[in-house]
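J.: Please read through the structure below; I'll follow up with questions.
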Amino acid sequence: MNSLLPQIKSLSQELAEQVVSYRHHLHQHPELSFQEYQTARFVAETLTSFGLSPQTGVADTGVVALIEGKNPSSRTVALRADMDALPIREANDVPYKSKNEGVMHACGHDVHTSSLLGAANILQQLRQEFEGTIKLVFQPGEERFPGGASLMIKEGVLQNPAPHTMLGQHVLPHLPAGKVGFREGMYMASADEIYLTIKGKGGHAAMPEKNIDPVMITAQLLVTLQQVVSRTANPKIPSVLSFGKVIAQGATNVIPNEVQVEGTFRTLNEEWRYQAHQKIRDIAHGVCTSLGGSCEVDIKVGYPFLQNNPELTRRSKSLAIDYLGEENVVNLDLWMAAEDFAYYTHHVDACFYRLGTGNKARGITSSVHTPTFNIDEHALEIGPGLMAWLAIAELNTSN
């Protein structure tokens with residue numbers, strides 16, 4: 001297998017300019033979650049140009065394709081890329097700036113998709129050099145509940161053939177381009193959306209004694225709810241409870257009838273996750289009732305926590321060292337953001353690793369989900385080849 005390493009590196013370098021062109025096209029034409037129709041068409045047409053026969057319409061806008069080597073039924077490895085963009089107006093002044101006003105690839109999904117297209121090209125060219133099957137999964141809707149991964153799983157993406165292992169690659173802007181990162185075990189948090197409606201009795205702000213002020217009740221509630229994490233969570237379990245939206249449609253002299261609050265709860269323990277949900281409900285009802293109001297609580301259960309299979313991640317990290325050198329492979333810390341790749345990790349041994357895309361010297365430092373997010377495209381000289389290398393190596397493992 002080691003004899004393939006120079007070939008893969010060489011092909012990745014040769015295809016880098018083409019992969020960058022894929023990224024520029026996708027970046028200029030971003031589409032929101034579950035609306036990736038043109039993106040899916042571009043992906044399918046590109047795969048077809050490699051000689052593949054992609055399946056379209058999986059979870060409506062998903063695309064799946066198989067690359068079969070010798071003895072294709074011996075083992076299957078799945079590779080995943082997400083395709084959707086975010087409702088953000090791009091602030092970058094670049095030739096490939098988004099042409100879709102208010103929509104931007106601000107989380108690097110254009111990088112993920114173009115990188116997997118590059119890996120597909122490499123793997124297709126080398127298909128007579130390995131045994132087994134590579135399943136390519138181009139997934140919609142990572143940024144929006146219920147998550148395209150959950151829908152693709154329901155539609156059988158992990159069957160026919162069922163992958164023995166699965167790999168996902170994601171940009172990491174604070175890691176310099178040229179480096180990659182891995183973490184064994186739990187890596188990313190579950191994510192649930194919290195919607196509260198605090199109800200009181202509105203009226204003139206000059207006559208508070210005649211009202212039940214939902215704004216003041218909300219203020220008390222938001223402070224009290226922080227005890228869910230600070231006083232009831234096991235300190236050994238990472239947890240976050242944050243509220244980012246409060247709407248009180250009153251005025252300087254008007255107390256409203258109700259206040260809407262939206263937030264998120266994240267953790268890395270499924271049992272505690274649902275216990276916390278109940279504590280949020282109990283506190284919300286208790287505080288609001290005690291102050292004369294009431295509260296409607298709606299908790300939408302989102303993505304589970306993401307767990308990297310330790311053995312697979314250990315193997316992948318070792319292979320990445322072979323590909324990039326030990327100095328370019330780092331260990332990652334826990335991250336309380338969420339990713340719907342987590343769904344796959346609860347069904348199949350999986351590894352979700354990070355591709356460095358930052359470059360401080362060039363001012364490429366913006367975080368994901370910001371209007372100025374961009375990448376050092378040197379990362380696209382690495383991403384496709386590394387993913388192809390990891391996939392072929394996994395086909396040759398006996399585990």
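Every chain in the structure tokens has a letter given in the order shown (A, B, ...), and although residue numbers restart at 1 in each chain, ligands are simply numbered from 1 in the order shown.
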Skipping near chain neighbours, those fewer than 4 positions away, what residues fall within 10 Å of Glu68 of chain A using only C-alpha atoms, listed as a PyMOL selection string?

T.: chain A and resi 52+72-73+76+123-124+127-128+130-135

J.: Do you know which residues are at most 10 Å from segment 86-90 of chain A counting only C-alpha atoms, after dropping those on the same chain fewer than 5 positions away, and could you put them as a list in words?

T.: Pro30, Glu31, Leu32, Ser33, Lys97, Ser98, Lys99, Asn100, Glu101, Gly102, Val103, Met104, His105, Ala106, Cys107, His109, Glu143, Arg144, His369, Thr370, Pro371, Thr372 and Phe373 of chain A

J.: Taking 6 positions as the minimum chain separation for residues in the same chain, which residues sit within 12 Å of Gly325 of chain A when counting only C-alpha atoms? Answer as an NGL selection string.

T.: :A and (178-180 or 317-319 or 386)

J.: Where does DSSP see helix (DSSP H, G or I) in segment 101-279 of chain A, if you list the residues as a ChimeraX atom specification?

T.: /A:109-125,127-129,148-154,208-210,214-225,227-230,270-279

J.: Grab the atom CA of Thr48 of chain A to atom CA of Ala120 of chain A distance for me, in Å with one decimal place.

T.: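 The value is 10.8 Å.
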
J.: Which is closest to Phe138 of chain A among A:Val228, A:Ala40, A:Val330, A:Val215, if we use only C-alpha atoms?

T.: A:Ala40

J.: Find the spatial neighbours of Arg23 of chain A, counting only C-alpha atoms, within a cut-off of 12 Å - ignore same-chain residues fewer than 4 positions away - and output them as a VMD selection string.

T.: chain A and resid 16 to 19 27 to 30 39 42 to 43 83 96 to 98 105 108 to 118 374 to 377 379 to 380

J.: Need the shell around Ile122 of chain A: protein/DNA/RNA residues with any atom at most 10 Å away, counting only C-alpha atoms. Skip same-chain ones fewer than 5 positions apart. Format as a short mmCIF file (atom, residue, chain, number, x, y, z; two decimals) with C-alpha atoms, in the first residue's frame?

T.:
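Okay, this is what ended up in selection-v3.cif:
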```
data_model
loop_
_atom_site.label_atom_id
_atom_site.label_comp_id
_atom_site.auth_asym_id
_atom_site.auth_seq_id
_atom_site.Cartn_x
_atom_site.Cartn_y
_atom_site.Cartn_z
CA GLN A 7 1.10 8.40 -6.56
CA ILE A 8 -1.67 9.86 -4.42
CA LYS A 9 0.44 12.86 -3.45
CA SER A 10 1.39 13.46 -7.05
CA LEU A 11 -2.21 13.24 -8.27
CA SER A 12 -3.38 15.56 -5.50
CA LEU A 15 -5.43 18.17 -9.55
CA PHE A 50 -14.85 10.84 -13.96
CA LEU A 116 -14.21 15.13 -1.97
CA LEU A 117 -14.60 15.64 -5.73
CA ARG A 127 -9.31 1.85 -8.63
CA PRO A 384 -8.23 15.50 -1.57
CA GLY A 385 -5.05 13.43 -1.45
CA MET A 387 -8.81 11.74 2.12
CA ALA A 388 -8.00 9.35 -0.75
CA TRP A 389 -5.00 7.99 1.18
#
```

J.: With distances taken over only C-alpha atoms, which of A:Gly302, A:Gly244, A:Gly200, A:Pro235 is nearest to Trp272 of chain A?

T.: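 Among the listed residues, A:Pro235 lies closest to Trp272 of chain A.
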
J.: Using only C-alpha atoms, pick whichever of A:Glu271, A:Glu129, A:Glu258, A:Glu296 has the shortest atom-to-atom distance to Lys201 of chain A.

T.: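 Of the candidates, the smallest distance to Lys201 of chain A is held by A:Glu258.
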
J.: I need the strand (DSSP E or B) residues of segment 34-265 of chain A per DSSP on the backbone, written as a ChimeraX atom specification.

T.: /A:55-58,62-68,70,76-82,85-86,104,131,133-139,165-176,180-182,185-188,192-199,201,203-204,212,239-248,251,254-255,258-265

J.: Near His170 of chain A, within 7 Å and counting only C-alpha atoms, which residues show up once chain neighbours fewer than 5 positions away are dropped, as a short mmCIF file (atom, residue, chain, number, x, y, z; two decimals) with N, CA, C and O atoms, in the first residue's frame?

T.:
```cif
data_model
loop_
_atom_site.label_atom_id
_atom_site.label_comp_id
_atom_site.auth_asym_id
_atom_site.auth_seq_id
_atom_site.Cartn_x
_atom_site.Cartn_y
_atom_site.Cartn_z
N HIS A 112 -15.26 21.35 1.49
CA HIS A 112 -15.50 19.92 1.71
C HIS A 112 -15.94 19.23 0.43
O HIS A 112 -15.46 18.13 0.10
N TYR A 353 -12.29 14.51 11.15
CA TYR A 353 -11.03 15.19 11.41
C TYR A 353 -11.05 16.58 10.78
O TYR A 353 -11.94 16.93 10.01
N ARG A 354 -10.05 17.40 11.11
CA ARG A 354 -10.07 18.80 10.71
C ARG A 354 -8.91 19.11 9.77
O ARG A 354 -7.77 18.68 9.99
N LEU A 355 -9.23 19.91 8.76
CA LEU A 355 -8.28 20.35 7.76
C LEU A 355 -7.92 21.81 8.03
O LEU A 355 -8.79 22.69 7.99
#
```

J.: As a list in words, please: the residues near Pro256 of chain A (cut-off 10 Å, only C-alpha atoms, same-chain neighbours under 2 positions excluded).

T.: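 With the cut-off at 10 Å, the set is Lys199, Gly200, Lys201, Gly202, Gly203, His204, Ala205, Asn211, Ile212, Asp213, Pro214, Val215, Ala248, Gln249, Gly250, Ala251, Asn253, Val254, Glu258 and Val259 of chain A.
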
J.: Nearest to Ile247 of chain A among A:His285, A:Leu196, A:Lys300, A:Met186, with distances taken over only C-alpha atoms: which residue is it?

T.: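 Once distances to Ile247 of chain A are computed over only C-alpha atoms, the minimum belongs to A:Leu196.
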
J.: Give the answer as one residue: which of A:Gly51, A:Ile217, A:Leu334, A:Gln226 has the shortest atom-to-atom distance to Ser290 of chain A, using only C-alpha atoms?

T.: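 Closest to Ser290 of chain A, using only C-alpha atoms: A:Ile217.
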
J.: Nearest residue to Asp192 of chain A out of A:Ala59, A:Ala337, A:Ala149, A:Leu312, using only C-alpha atoms?

T.: A:Ala337
